[in-house]
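*Asks:* This is my_file_17.csv, which holds CSV, C-alpha atoms:
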chain,number,residue,atom,x,y,z
D,1,MET,CA,-20.0,11.7,43.6
D,2,CYS,CA,-23.2,10.2,44.9
D,3,LEU,CA,-23.8,11.0,48.6
D,4,GLN,CA,-26.2,8.3,49.7
D,5,ASN,CA,-25.6,8.9,53.4
D,6,TYR,CA,-25.6,12.7,53.8
D,7,SER,CA,-24.9,12.7,57.6
D,8,TYR,CA,-21.9,10.3,57.3
D,9,TYR,CA,-20.3,12.1,54.4
D,10,SER,CA,-21.0,15.5,55.9
D,11,ASN,CA,-19.0,14.6,59.0
D,12,GLN,CA,-16.3,13.2,56.9
D,13,LEU,CA,-16.2,16.4,54.8
D,14,LYS,CA,-15.8,18.5,57.9
D,15,ALA,CA,-12.9,16.4,59.1
D,16,ILE,CA,-11.1,16.5,55.7
D,17,CYS,CA,-11.5,20.3,55.6
D,18,ASN,CA,-9.2,20.6,58.5
D,19,ILE,CA,-6.5,18.9,56.5
D,20,ILE,CA,-6.6,20.3,53.0
D,21,PRO,CA,-7.8,23.7,51.6
D,22,SER,CA,-11.5,23.7,50.9
D,23,CYS,CA,-11.0,24.8,47.3
D,24,LEU,CA,-8.8,21.8,46.6
D,25,LEU,CA,-11.3,19.5,48.3
D,26,LEU,CA,-14.2,20.8,46.1
D,27,LEU,CA,-12.2,20.1,43.0
D,28,VAL,CA,-11.4,16.5,44.2
D,29,LEU,CA,-15.1,15.8,45.1
D,30,ALA,CA,-16.2,17.2,41.8
D,31,GLY,CA,-14.0,14.8,40.0
D,32,SER,CA,-12.0,17.4,38.2
D,33,ILE,CA,-8.7,16.4,39.9
D,34,SER,CA,-8.0,12.8,40.8
D,35,PRO,CA,-6.5,12.6,44.4
D,36,GLU,CA,-3.8,10.3,43.1
D,37,ARG,CA,-2.5,13.0,40.8
D,38,ILE,CA,-2.0,15.7,43.5
D,39,ARG,CA,1.4,16.0,45.0
D,40,LYS,CA,0.9,16.7,48.7
D,41,PRO,CA,3.2,18.7,51.0
D,42,VAL,CA,5.9,16.7,52.9
D,43,ASP,CA,6.9,19.5,55.3
D,44,PRO,CA,3.9,21.2,57.0
D,45,VAL,CA,6.2,22.5,59.8
D,46,GLY,CA,8.9,24.6,58.2
D,47,PHE,CA,6.8,25.8,55.2
D,48,ALA,CA,3.3,27.4,54.9
D,49,THR,CA,0.6,25.0,53.7
D,50,ARG,CA,-2.5,27.2,54.3
D,51,SER,CA,-3.3,30.6,52.8
D,52,TRP,CA,-3.7,32.3,56.2
D,53,GLN,CA,-0.2,31.1,57.2
D,54,MET,CA,1.3,32.4,54.0
D,55,ASP,CA,-0.5,35.8,54.4
D,56,SER,CA,0.8,36.0,57.9
D,57,ILE,CA,4.4,35.1,56.9
D,58,ILE,CA,4.5,37.8,54.3
D,59,LYS,CA,3.1,40.4,56.7
D,60,ARG,CA,5.6,39.5,59.4
D,61,ILE,CA,8.6,39.6,57.1
D,62,THR,CA,7.4,42.9,55.8
D,63,ARG,CA,6.9,44.3,59.3
D,64,LEU,CA,10.1,42.9,60.9
D,65,GLN,CA,12.6,42.8,58.0
D,66,SER,CA,11.6,45.5,55.5
D,67,GLY,CA,14.8,47.3,56.0
D,68,ARG,CA,16.8,44.3,54.8
D,69,ILE,CA,14.5,44.0,51.8
D,70,ASN,CA,14.7,47.6,50.8
D,71,GLU,CA,18.5,47.8,51.2
D,72,ALA,CA,19.0,44.7,49.1
D,73,LYS,CA,16.8,46.0,46.3
D,74,ASP,CA,18.4,49.5,46.4
D,75,ILE,CA,22.0,48.2,46.3
D,76,ASN,CA,21.3,45.8,43.4
D,77,MET,CA,19.0,48.3,41.6
D,78,VAL,CA,16.2,45.6,41.5
D,79,LYS,CA,13.1,47.3,40.2
D,80,ARG,CA,9.5,46.1,40.2
D,81,ALA,CA,9.9,45.3,36.5
D,82,THR,CA,13.1,43.3,36.9
D,83,SER,CA,12.4,39.7,35.7
D,84,TRP,CA,14.9,37.0,36.5
D,85,LYS,CA,15.7,34.4,33.9
D,86,LEU,CA,17.1,32.2,36.6
D,87,ALA,CA,17.2,32.6,40.4
D,88,ILE,CA,19.0,30.5,43.1
D,89,SER,CA,16.8,30.3,46.1
D,90,PRO,CA,17.2,28.7,49.6
D,91,HIS,CA,14.7,26.1,50.8
D,92,ASP,CA,15.1,26.1,54.6
D,93,ASP,CA,12.4,26.9,57.2
D,94,TYR,CA,10.6,30.1,56.6
D,95,THR,CA,11.3,31.3,60.1
D,96,TYR,CA,15.1,31.2,59.4
D,97,VAL,CA,15.3,32.3,55.8
D,98,GLY,CA,12.9,35.2,56.3
D,99,TRP,CA,13.4,38.2,54.0
D,100,LEU,CA,15.5,36.4,51.4
D,101,TYR,CA,12.5,34.5,50.0
D,102,PRO,CA,10.3,37.5,49.0
D,103,THR,CA,13.2,39.8,48.1
D,104,LEU,CA,14.3,37.3,45.4
D,105,LEU,CA,11.2,35.5,44.3
D,106,ALA,CA,9.0,38.6,43.9
D,107,ASN,CA,11.0,39.2,40.6
D,108,VAL,CA,10.3,35.8,39.1
D,109,LYS,CA,7.7,37.2,36.7
D,110,ALA,CA,7.2,34.4,34.2
D,111,GLY,CA,4.0,32.5,34.2
D,112,THR,CA,5.7,29.1,34.1
D,113,VAL,CA,8.6,28.2,36.4
D,114,ILE,CA,10.9,25.3,35.9
D,115,LEU,CA,12.2,24.4,39.4
D,116,ILE,CA,15.5,22.6,39.5
D,117,GLY,CA,15.6,20.9,42.9
D,118,VAL,CA,17.9,19.0,45.1
D,119,ALA,CA,17.3,15.2,45.4
D,120,HIS,CA,18.1,14.7,49.1
D,121,LYS,CA,16.6,11.1,49.1
D,122,ALA,CA,18.0,10.0,45.7
D,123,ARG,CA,20.5,7.5,47.3
D,124,LYS,CA,17.6,5.8,49.1
D,125,PHE,CA,16.0,5.2,45.8
D,126,ASN,CA,19.3,4.3,44.0
D,127,VAL,CA,18.9,7.2,41.6
D,128,GLU,CA,21.7,9.2,40.1
D,129,ASN,CA,23.0,10.5,36.7
D,130,ARG,CA,19.6,11.4,35.3
D,131,MET,CA,17.1,14.2,35.6
D,132,VAL,CA,14.0,13.3,37.7
D,133,PHE,CA,10.5,14.4,36.6
D,134,ASP,CA,7.2,13.7,38.3
D,135,SER,CA,3.8,12.8,36.7
D,136,PHE,CA,1.5,14.8,39.1
D,137,ASP,CA,-1.1,17.0,37.6
D,138,TYR,CA,-1.2,19.5,40.5
D,139,TRP,CA,0.8,20.3,43.6
D,140,GLN,CA,-1.2,21.1,46.7
D,141,GLU,CA,-0.2,24.6,47.9
D,142,PRO,CA,-1.5,27.2,50.4
D,143,TYR,CA,-3.9,29.0,48.0
D,144,GLY,CA,-5.1,25.9,46.2
D,145,PRO,CA,-3.7,23.5,43.6
D,146,VAL,CA,-0.9,24.7,41.4
D,147,LYS,CA,-1.1,23.2,37.9
D,148,VAL,CA,1.9,21.4,36.4
D,149,SER,CA,2.6,23.0,33.0
D,150,GLY,CA,2.2,21.1,29.8
D,151,LEU,CA,5.8,22.1,29.1
D,152,ARG,CA,6.8,19.1,31.2
D,153,GLU,CA,5.6,16.6,28.6
D,154,ALA,CA,6.8,18.8,25.8
D,155,ILE,CA,10.3,18.9,27.3
D,156,MET,CA,10.4,15.2,28.0
D,157,ASN,CA,9.3,14.4,24.5
D,158,LYS,CA,12.3,16.2,23.2
D,159,LEU,CA,14.8,14.7,25.6
D,160,PRO,CA,16.8,11.5,25.0
D,161,ARG,CA,14.9,8.8,26.9
D,162,SER,CA,18.1,7.8,28.7
D,163,SER,CA,18.6,11.3,30.2
D,164,TYR,CA,15.6,11.3,32.6
D,165,ILE,CA,13.3,9.2,34.7
D,166,VAL,CA,9.8,9.8,36.1
D,167,HIS,CA,9.9,9.1,39.8
D,168,ASP,CA,6.9,10.2,41.8
D,169,SER,CA,8.1,8.7,45.1
D,170,LEU,CA,11.3,10.7,45.0
D,171,GLN,CA,9.5,13.9,44.0
D,172,GLN,CA,7.0,13.3,46.9
D,173,ALA,CA,9.8,12.8,49.4
D,174,GLU,CA,11.7,15.9,48.4
D,175,HIS,CA,11.2,19.3,50.2
D,176,SER,CA,13.5,21.6,48.2
D,177,VAL,CA,11.0,22.5,45.5
D,178,GLU,CA,8.0,22.6,47.9
D,179,ALA,CA,9.6,25.4,49.9
D,180,ILE,CA,9.6,27.8,46.9
D,181,ILE,CA,6.2,27.3,45.3
D,182,PRO,CA,4.1,29.1,48.0
D,183,TYR,CA,6.0,32.3,47.3
D,184,LEU,CA,5.6,31.9,43.6
D,185,GLN,CA,1.9,31.3,44.1
D,186,TYR,CA,1.6,34.4,46.4
D,187,TYR,CA,3.0,36.6,43.7
D,188,ASN,CA,1.2,34.9,40.8
D,189,SER,CA,-2.0,33.0,41.6
D,190,LYS,CA,-1.9,31.4,38.1
D,191,VAL,CA,1.7,30.2,38.1
D,192,LYS,CA,2.4,26.8,36.5
D,193,ILE,CA,5.4,24.7,37.4
D,194,VAL,CA,7.7,22.0,36.2
D,195,SER,CA,9.8,20.2,38.8
D,196,ILE,CA,13.1,18.6,37.9
D,197,LEU,CA,15.3,17.1,40.6
D,198,ILE,CA,19.0,16.7,40.1
D,199,PRO,CA,20.7,13.7,41.9
D,200,SER,CA,24.4,13.1,42.2
D,201,MET,CA,26.3,13.2,38.9
D,202,SER,CA,29.8,14.2,37.6
D,203,PHE,CA,30.4,17.5,36.0
D,204,GLN,CA,30.7,15.9,32.6
D,205,THR,CA,27.3,14.2,33.1
D,206,MET,CA,25.9,17.6,34.2
D,207,LYS,CA,27.2,19.2,31.0
D,208,SER,CA,25.7,16.5,28.8
D,209,LEU,CA,22.3,16.5,30.5
D,210,ALA,CA,22.1,20.3,30.7
D,211,SER,CA,22.9,20.4,27.0
D,212,ASP,CA,19.9,18.1,26.4
D,213,LEU,CA,17.6,20.2,28.5
D,214,ALA,CA,18.8,23.4,26.9
D,215,ALA,CA,18.2,22.0,23.4
D,216,ALA,CA,14.7,20.8,24.4
D,217,LEU,CA,13.9,24.3,25.8
D,218,ASN,CA,15.3,25.9,22.6
D,219,ASP,CA,13.1,23.7,20.5
D,220,LEU,CA,10.0,24.9,22.5
D,221,GLY,CA,10.3,28.3,20.9
D,222,GLU,CA,7.0,27.8,19.1
D,223,TYR,CA,5.2,25.9,21.9
D,224,GLY,CA,1.4,26.4,21.8
D,225,ASN,CA,1.7,28.9,18.9
D,226,MET,CA,3.7,31.2,21.1
D,227,ASN,CA,7.3,32.4,20.8
D,228,LEU,CA,8.4,31.4,24.2
D,229,LYS,CA,11.2,33.5,25.8
D,230,ILE,CA,13.1,32.7,29.0
D,231,GLY,CA,12.5,35.4,31.6
D,232,ARG,CA,9.2,36.4,30.0
D,233,ASP,CA,7.2,33.2,29.5
D,234,TYR,CA,9.2,30.8,31.6
D,235,ALA,CA,11.9,31.1,34.2
D,236,ILE,CA,14.2,28.7,36.0
D,237,VAL,CA,14.4,28.7,39.8
D,238,VAL,CA,17.3,26.6,41.3
D,239,SER,CA,16.8,25.4,44.8
D,240,SER,CA,19.8,25.3,47.1
D,241,ASP,CA,20.8,26.1,50.7
D,242,ALA,CA,24.4,27.0,51.1
D,243,VAL,CA,26.8,25.4,53.6
D,244,HIS,CA,25.5,23.1,56.3
D,245,TYR,CA,28.0,23.8,59.1
D,246,GLY,CA,28.8,22.7,62.6
D,247,CYS,CA,29.8,19.9,64.9
D,248,GLU,CA,26.4,18.8,66.2
D,249,ASP,CA,23.4,16.9,64.9
D,250,TRP,CA,24.6,16.3,61.4
D,251,GLY,CA,23.9,12.6,61.5
D,252,GLY,CA,27.3,11.8,63.0
D,253,SER,CA,29.3,14.0,60.5
D,254,ASP,CA,31.5,16.9,61.6
D,255,TYR,CA,31.0,19.8,59.2
D,256,ALA,CA,32.9,22.3,61.4
D,257,PHE,CA,35.6,22.9,58.7
D,258,TYR,CA,37.0,25.9,60.5
D,259,GLY,CA,36.1,25.1,64.0
D,260,CYS,CA,32.8,25.0,66.0
D,261,ASP,CA,32.8,28.6,67.4
D,262,SER,CA,32.3,32.2,66.4
D,263,ALA,CA,35.7,32.4,64.8
D,264,GLY,CA,34.9,29.3,62.7
D,265,PHE,CA,31.6,30.9,61.8
D,266,ASN,CA,33.2,34.0,60.4
D,267,LYS,CA,35.8,32.0,58.4
D,268,ALA,CA,33.1,29.8,57.0
D,269,VAL,CA,31.0,32.8,55.9
D,270,SER,CA,34.1,34.4,54.3
D,271,HIS,CA,34.6,31.1,52.4
D,272,GLU,CA,30.9,31.3,51.3
D,273,TYR,CA,31.4,34.7,49.8
D,274,GLU,CA,34.6,33.5,48.1
D,275,ILE,CA,32.6,30.7,46.4
D,276,MET,CA,29.8,33.0,45.3
D,277,LYS,CA,32.0,35.8,44.1
D,278,GLY,CA,34.3,33.5,42.1
D,279,CYS,CA,31.7,31.2,40.7
D,280,LEU,CA,28.2,32.5,40.8
D,281,LEU,CA,28.3,36.3,40.3
D,282,GLY,CA,28.9,38.3,37.2
D,283,GLN,CA,28.7,37.0,33.7
D,284,LEU,CA,28.2,33.2,33.5
D,285,SER,CA,30.9,31.0,32.1
D,286,GLU,CA,31.5,27.3,32.0
D,287,LYS,CA,34.8,27.8,33.7
D,288,LYS,CA,33.1,29.6,36.7
D,289,ILE,CA,30.4,26.9,36.9
D,290,GLN,CA,33.0,24.1,37.0
D,291,ALA,CA,34.9,26.0,39.6
D,292,PHE,CA,31.8,25.8,41.8
D,293,THR,CA,31.8,22.1,41.5
D,294,GLY,CA,35.5,22.1,42.4
D,295,TYR,CA,34.7,23.9,45.6
D,296,THR,CA,31.7,21.7,46.6
D,297,VAL,CA,32.4,18.1,45.3
D,298,GLN,CA,35.4,15.8,45.9
D,299,ASP,CA,37.7,15.6,42.8
D,300,THR,CA,37.9,11.8,43.0
D,301,ASN,CA,34.3,11.0,44.0
D,302,PHE,CA,31.4,13.2,42.7
D,303,ARG,CA,29.1,11.6,45.3
D,304,THR,CA,31.1,13.1,48.2
D,305,TYR,CA,30.9,16.6,49.6
D,306,LYS,CA,34.0,18.9,49.8
D,307,TRP,CA,32.0,21.9,51.0
D,308,THR,CA,28.4,21.1,52.1
D,309,TRP,CA,26.1,23.0,49.8
D,310,CYS,CA,23.1,20.6,49.3
D,311,GLY,CA,22.7,22.2,45.8
D,312,ARG,CA,26.1,21.0,44.7
D,313,TYR,CA,24.4,19.4,41.7
D,314,SER,CA,21.3,21.6,41.2
D,315,VAL,CA,23.2,24.8,41.1
D,316,PRO,CA,25.8,23.9,38.3
D,317,PHE,CA,23.1,22.0,36.4
D,318,GLY,CA,20.7,25.0,36.4
D,319,LEU,CA,23.4,27.4,35.4
D,320,LEU,CA,24.8,25.2,32.7
D,321,THR,CA,21.3,24.9,31.3
D,322,LEU,CA,20.9,28.7,31.1
D,323,LEU,CA,24.4,29.2,29.7
D,324,LYS,CA,23.9,26.6,26.9
D,325,LEU,CA,20.4,27.8,26.1
D,326,GLU,CA,21.7,31.3,25.7
D,327,ASN,CA,24.5,30.0,23.5
D,328,LEU,CA,21.9,28.3,21.3
D,329,GLN,CA,19.9,31.5,21.0
D,330,ARG,CA,23.1,33.5,20.3
D,331,SER,CA,22.5,35.8,23.2
D,332,ASN,CA,24.9,37.2,25.7
D,333,PRO,CA,25.4,35.2,28.9
D,334,SER,CA,23.3,36.3,31.8
D,335,SER,CA,25.0,37.9,34.9
D,336,GLY,CA,24.4,36.9,38.5
D,337,GLN,CA,23.6,39.5,41.2
D,338,LEU,CA,23.9,38.6,44.9
D,339,ILE,CA,20.5,39.8,46.3
D,340,GLY,CA,21.5,38.6,49.7
D,341,TYR,CA,23.2,36.0,51.9
D,342,SER,CA,22.3,35.1,55.4
D,343,THR,CA,22.4,32.1,57.8
D,344,SER,CA,20.1,30.5,60.2
D,345,ILE,CA,21.8,32.3,63.1
D,346,SER,CA,22.5,35.7,61.5
D,347,GLN,CA,19.1,37.3,62.4
D,348,LYS,CA,16.2,36.9,64.8
D,349,PRO,CA,13.8,34.2,63.4
D,350,VAL,CA,10.5,35.3,62.1
D,351,PRO,CA,7.9,34.2,64.8
D,352,VAL,CA,5.8,31.3,63.6
D,353,ASP,CA,4.8,29.2,66.6
D,354,ASP,CA,1.4,30.9,66.9
D,355,ILE,CA,0.5,30.1,63.3
D,356,LYS,CA,1.0,26.3,63.6
D,357,MET,CA,4.5,26.3,62.1
D,358,GLY,CA,7.9,25.7,63.6
D,359,VAL,CA,11.4,24.5,62.8
D,360,THR,CA,12.8,21.3,61.4
D,361,ALA,CA,16.3,21.7,62.9
D,362,LYS,CA,18.0,23.8,65.5
D,363,ALA,CA,20.0,26.9,64.7
D,364,THR,CA,23.1,27.4,66.9
D,365,ILE,CA,26.8,28.2,66.5
D,366,LYS,CA,27.3,24.5,66.4
D,367,HIS,CA,24.6,23.8,63.8
D,368,TRP,CA,23.7,26.3,61.2
D,369,VAL,CA,22.9,26.7,57.5
D,370,GLY,CA,23.8,29.3,54.9
D,371,TYR,CA,21.3,30.9,52.5
D,372,PRO,CA,22.1,32.3,49.0
D,373,ALA,CA,19.7,34.4,47.0
D,374,ILE,CA,21.0,35.2,43.5
D,375,GLY,CA,19.2,36.5,40.5
D,376,TYR,CA,20.3,36.3,36.8
D,377,HIS,CA,19.2,38.5,33.9
Step by step, read the file and then write its structure as structure tokens.
*Replies:*
Amino acid sequence: MCLQNYSYYSNQLKAICNIIPSCLLLLVLAGSISPERIRKPVDPVGFATRSWQMDSIIKRITRLQSGRINEAKDINMVKRATSWKLAISPHDDYTYVGWLYPTLLANVKAGTVILIGVAHKARKFNVENRMVFDSFDYWQEPYGPVKVSGLREAIMNKLPRSSYIVHDSLQQAEHSVEAIIPYLQYYNSKVKIVSILIPSMSFQTMKSLASDLAAALNDLGEYGNMNLKIGRDYAIVVSSDAVHYGCEDWGGSDYAFYGCDSAGFNKAVSHEYEIMKGCLLGQLSEKKIQAFTGYTVQDTNFRTYKWTWCGRYSVPFGLLTLLKLENLQRSNPSSGQLIGYSTSISQKPVPVDDIKMGVTAKATIKHWVGYPAIGYH
């Protein structure tokens, strides 16, 4: 880049440095990354977008909630060497989710992570019944740009063309994947990603598309002259918050299925554990995965909630993919471990106001969200 007017560009450079990490800026100015190919954060309030914010979040969670972390790992016998093949992670504000993020995501050990995200804005773009990829080269993250793995193109090349679309606008508008990547990057500075959003679809369509994705992943066994193995070389992280509950500020909807008070809260949490225990924990099976869809989606209209998990499509899709991949590889089905469950009102929020972060929604007995953290190996 030719800087003909040094003073002008110097001032512009200082202004830009207040917006994006300096390392990313240098790459852009050097021409090694085109600005159009960088996916930028959509939520700088609930999630960390700068390295010093992420460092502070980790330190605060460790200082304030280490007891919860240690207890969860001890009960579930999660060791440093434990490596998830698949994990189900929440994606709400860091202040609310707190200890669940590091407790779960520290054991995503693979160098490449396929993120199965929610497509909250899919209806706005009239998208359903297909997997949604992006075409970005990098995602802007707290410690610098995270590279999109070449596995993305390799996977798409092996998928039926009718099974997916590439939709950068939907990927740019979606926050469910963005929440997780800073933790992956914190634990592995060289992590690479593939983002796949799952919009509304019937269980039968999920089965078909998950079979396509599993077959594509199975065919990648010799990718780049390497014998790729799930859990070692790549892992799947499914993004999903649990129930969205309450009688206030849900866009006019009433999600207080058991009442909008403490008694309703307790009944709702009990229902959450019923769903997780019956559908998501223990050895995977198609019957259990379909039961999850039966709990969360209306029988007569797959586009409509029955129980308000925003991951009502991402969760069964991700689990079906893993189950079908393991069937193809003639390996035993993985088993799910509940690393933890919490809600936005179950614990004191991690303080973030002083590090230029905050909340994207209130947390009260009349408006709260559940958080599942489940690992599979």
*Asks:* For the interface of region 100-163 of chain D with region 168-180 of chain D (cut-off 6 Å, counting only C-alpha atoms), please tabulate each contacting residue of region 100-163 of chain D alongside its nearest pair of atoms and their separation in Å to one decimal, rows sorted by chain and increasing number, as JSON lines.
*Replies:*
{"residue": "D:Gly117", "atom": "CA", "partner": "D:Val177", "partner_atom": "CA", "distance": 5.5}
{"residue": "D:Val118", "atom": "CA", "partner": "D:Ser176", "partner_atom": "CA", "distance": 6.0}
{"residue": "D:Asp134", "atom": "CA", "partner": "D:Asp168", "partner_atom": "CA", "distance": 5.0}
*Asks:* Please dump the current selection as a PDB file, in the coordinates of the input; keep C-alpha atoms.
*Replies:*
ATOM      1  CA  GLY D 117      15.600  20.900  42.900  1.00  0.00           C
ATOM      2  CA  VAL D 118      17.900  19.000  45.100  1.00  0.00           C
ATOM      3  CA  ASP D 134       7.200  13.700  38.300  1.00  0.00           C
TER       4      ASP D 134
END
*Asks:* May I have the residues within 12 Å of region 266-268 of chain D as a ChimeraX atom specification, using only C-alpha atoms and disregarding those fewer than 5 positions away in the same chain?
*Replies:* /D:242-246,255-261,273-275,307-308,343,345-346,365,368-370
*Asks:* When you draw a straight line from CA of Pro182 (chain D) to CA of Ser51 (chain D), how long is it in Å?
*Replies:* 8.9 Å
*Asks:* I'd like the neighbourhood of Lys192 (chain D) as an NGL selection string, where a residue qualifies if any of its atoms comes within 12 Å (using all atoms listed in the file), though same-chain residues fewer than 3 positions away should be ignored.
*Replies:* :D and (109-115 or 137-139 or 141 or 145-152 or 181-182 or 184-185 or 188-189 or 195 or 233-236)
*Asks:* With all atoms listed in the file as the atoms that count, which of D:His377, D:Lys124, D:Lys306, D:Lys362 lies nearest to Asp249 (chain D)?
*Replies:* D:Lys362
*Asks:* So that I can see what lies close to Ser239 (chain D), please list as a PyMOL selection string the residues with an atom at most 6 Å from it, counting only C-alpha atoms and leaving out residues fewer than 3 positions away in the same chain.
*Replies:* chain D and resi 88-90+117
*Asks:* For each of D:Val315, D:Ala291, D:Leu220, D:Ile38, take the minimum atom-to-atom distance to Gly144 (chain D), counting all atoms listed in the file, then give the residue where this is smallest.
*Replies:*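 When distances to Gly144 (chain D) are compared using all atoms listed in the file, the smallest one comes from D:Ile38.
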*Asks:* Which of these, D:Asn218, D:Asn107, D:Ser200, D:Ser162, has the shortest distance to Glu128 (chain D) once you count all atoms listed in the file?
*Replies:*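 Looking only at the distances to Glu128 (chain D), the closest residue turns out to be D:Ser200.
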*Asks:* Tell me, as a PyMOL selection string, which residues lie within 12 Å of Pro351 (chain D), counting all atoms listed in the file; anything in the same chain fewer than 4 positions away does not count.
*Replies:* chain D and resi 46+53+56-61+63-65+93-98+347+355-359
*Asks:* Tell me, as a list in words, which residues lie within 7 Å of region 331-342 of chain D, counting only C-alpha atoms; anything in the same chain fewer than 3 positions away does not count.
*Replies:*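 My list of contacting residues is Ala72, Asn76, Leu100, Leu104, Leu280, Leu281, Gly282, Gln283, Leu284, Leu323, Glu326, Asn327, Ser346, Gly370, Tyr371, Pro372, Ala373, Ile374, Gly375, Tyr376 and His377 of chain D.
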*Asks:* Here's a test: counting only C-alpha atoms, identify every protein, DNA and RNA residue with an atom at most 7 Å from (21.7, 16.6, 40.5) in the file's coordinate frame, and state them as a ChimeraX atom specification.
*Replies:* /D:118-119,197-201,313-314,317
*Asks:* Using all atoms listed in the file, can you tell me which of D:Ser262, D:Asn157, D:Gln140, D:Thr360 comes closest to Pro41 (chain D)?
*Replies:*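 Closest to Pro41 (chain D), using all atoms listed in the file: D:Gln140.
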*Asks:* Using only C-alpha atoms, find the one residue out of D:Trp52, D:Tyr143, D:Tyr183, D:Phe292 that sits nearest to Lys277 (chain D).
*Replies:* D:Phe292
*Asks:* Please compute the CA of Ser163 (chain D)-CA of Leu213 (chain D) distance, one decimal, in Å.
*Replies:*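 About the pair CA of Ser163 (chain D) and CA of Leu213 (chain D): they are 9.1 Å apart.
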*Asks:* CA of Tyr305 (chain D) and CA of Ser253 (chain D) are how many Å apart?
*Replies:*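 Separation of CA of Tyr305 (chain D) and CA of Ser253 (chain D): 11.3 Å.
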*Asks:* Using all atoms listed in the file, find the one residue out of D:Trp99, D:Leu319, D:Ala363, D:Phe133 that sits nearest to Glu71 (chain D).
*Replies:*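 So, comparing all the options, the nearest one is D:Trp99.
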*Asks:* Step by step: locate region 55-100 of chain D in the block above, keep C-alpha atoms, then write the file as a PDB file, in the first residue's frame.
*Replies:*
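This is the output file selection.pdb:
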ATOM      1  CA  ASP D  55      -7.610 -12.550  29.392  1.00  0.00           C
ATOM      2  CA  SER D  56      -9.618 -10.734  32.031  1.00  0.00           C
ATOM      3  CA  ILE D  57     -12.691 -12.933  31.559  1.00  0.00           C
ATOM      4  CA  ILE D  58     -10.651 -16.104  32.065  1.00  0.00           C
ATOM      5  CA  LYS D  59      -8.955 -14.688  35.172  1.00  0.00           C
ATOM      6  CA  ARG D  60     -12.268 -13.581  36.677  1.00  0.00           C
ATOM      7  CA  ILE D  61     -13.997 -16.891  36.036  1.00  0.00           C
ATOM      8  CA  THR D  62     -11.022 -18.718  37.539  1.00  0.00           C
ATOM      9  CA  ARG D  63     -10.993 -16.473  40.601  1.00  0.00           C
ATOM     10  CA  LEU D  64     -14.744 -16.365  41.213  1.00  0.00           C
ATOM     11  CA  GLN D  65     -16.004 -19.735  39.988  1.00  0.00           C
ATOM     12  CA  SER D  66     -13.089 -22.184  40.244  1.00  0.00           C
ATOM     13  CA  GLY D  67     -15.051 -24.268  42.740  1.00  0.00           C
ATOM     14  CA  ARG D  68     -17.744 -24.980  40.143  1.00  0.00           C
ATOM     15  CA  ILE D  69     -15.109 -25.818  37.528  1.00  0.00           C
ATOM     16  CA  ASN D  70     -13.187 -28.217  39.754  1.00  0.00           C
ATOM     17  CA  GLU D  71     -16.335 -29.905  41.012  1.00  0.00           C
ATOM     18  CA  ALA D  72     -17.651 -30.489  37.494  1.00  0.00           C
ATOM     19  CA  LYS D  73     -14.361 -31.962  36.298  1.00  0.00           C
ATOM     20  CA  ASP D  74     -13.967 -34.188  39.361  1.00  0.00           C
ATOM     21  CA  ILE D  75     -17.525 -35.566  39.193  1.00  0.00           C
ATOM     22  CA  ASN D  76     -17.233 -36.313  35.482  1.00  0.00           C
ATOM     23  CA  MET D  77     -13.598 -37.474  35.676  1.00  0.00           C
ATOM     24  CA  VAL D  78     -12.597 -34.958  33.000  1.00  0.00           C
ATOM     25  CA  LYS D  79      -8.817 -35.000  32.770  1.00  0.00           C
ATOM     26  CA  ARG D  80      -6.425 -32.648  31.023  1.00  0.00           C
ATOM     27  CA  ALA D  81      -6.016 -35.235  28.257  1.00  0.00           C
ATOM     28  CA  THR D  82      -9.760 -35.728  27.715  1.00  0.00           C
ATOM     29  CA  SER D  83     -10.598 -34.775  24.123  1.00  0.00           C
ATOM     30  CA  TRP D  84     -14.194 -34.298  23.062  1.00  0.00           C
ATOM     31  CA  LYS D  85     -15.331 -35.582  19.700  1.00  0.00           C
ATOM     32  CA  LEU D  86     -18.354 -33.318  20.018  1.00  0.00           C
ATOM     33  CA  ALA D  87     -19.407 -30.730  22.570  1.00  0.00           C
ATOM     34  CA  ILE D  88     -22.693 -28.878  23.065  1.00  0.00           C
ATOM     35  CA  SER D  89     -21.916 -25.362  24.254  1.00  0.00           C
ATOM     36  CA  PRO D  90     -24.076 -22.369  25.185  1.00  0.00           C
ATOM     37  CA  HIS D  91     -23.650 -19.072  23.363  1.00  0.00           C
ATOM     38  CA  ASP D  92     -25.083 -16.430  25.700  1.00  0.00           C
ATOM     39  CA  ASP D  93     -23.313 -13.438  27.256  1.00  0.00           C
ATOM     40  CA  TYR D  94     -20.036 -14.308  28.968  1.00  0.00           C
ATOM     41  CA  THR D  95     -21.174 -12.615  32.166  1.00  0.00           C
ATOM     42  CA  TYR D  96     -24.100 -15.045  32.509  1.00  0.00           C
ATOM     43  CA  VAL D  97     -22.628 -18.326  31.246  1.00  0.00           C
ATOM     44  CA  GLY D  98     -19.392 -17.912  33.186  1.00  0.00           C
ATOM     45  CA  TRP D  99     -17.670 -21.141  34.239  1.00  0.00           C
ATOM     46  CA  LEU D 100     -19.436 -23.418  31.763  1.00  0.00           C
TER      47      LEU D 100
END
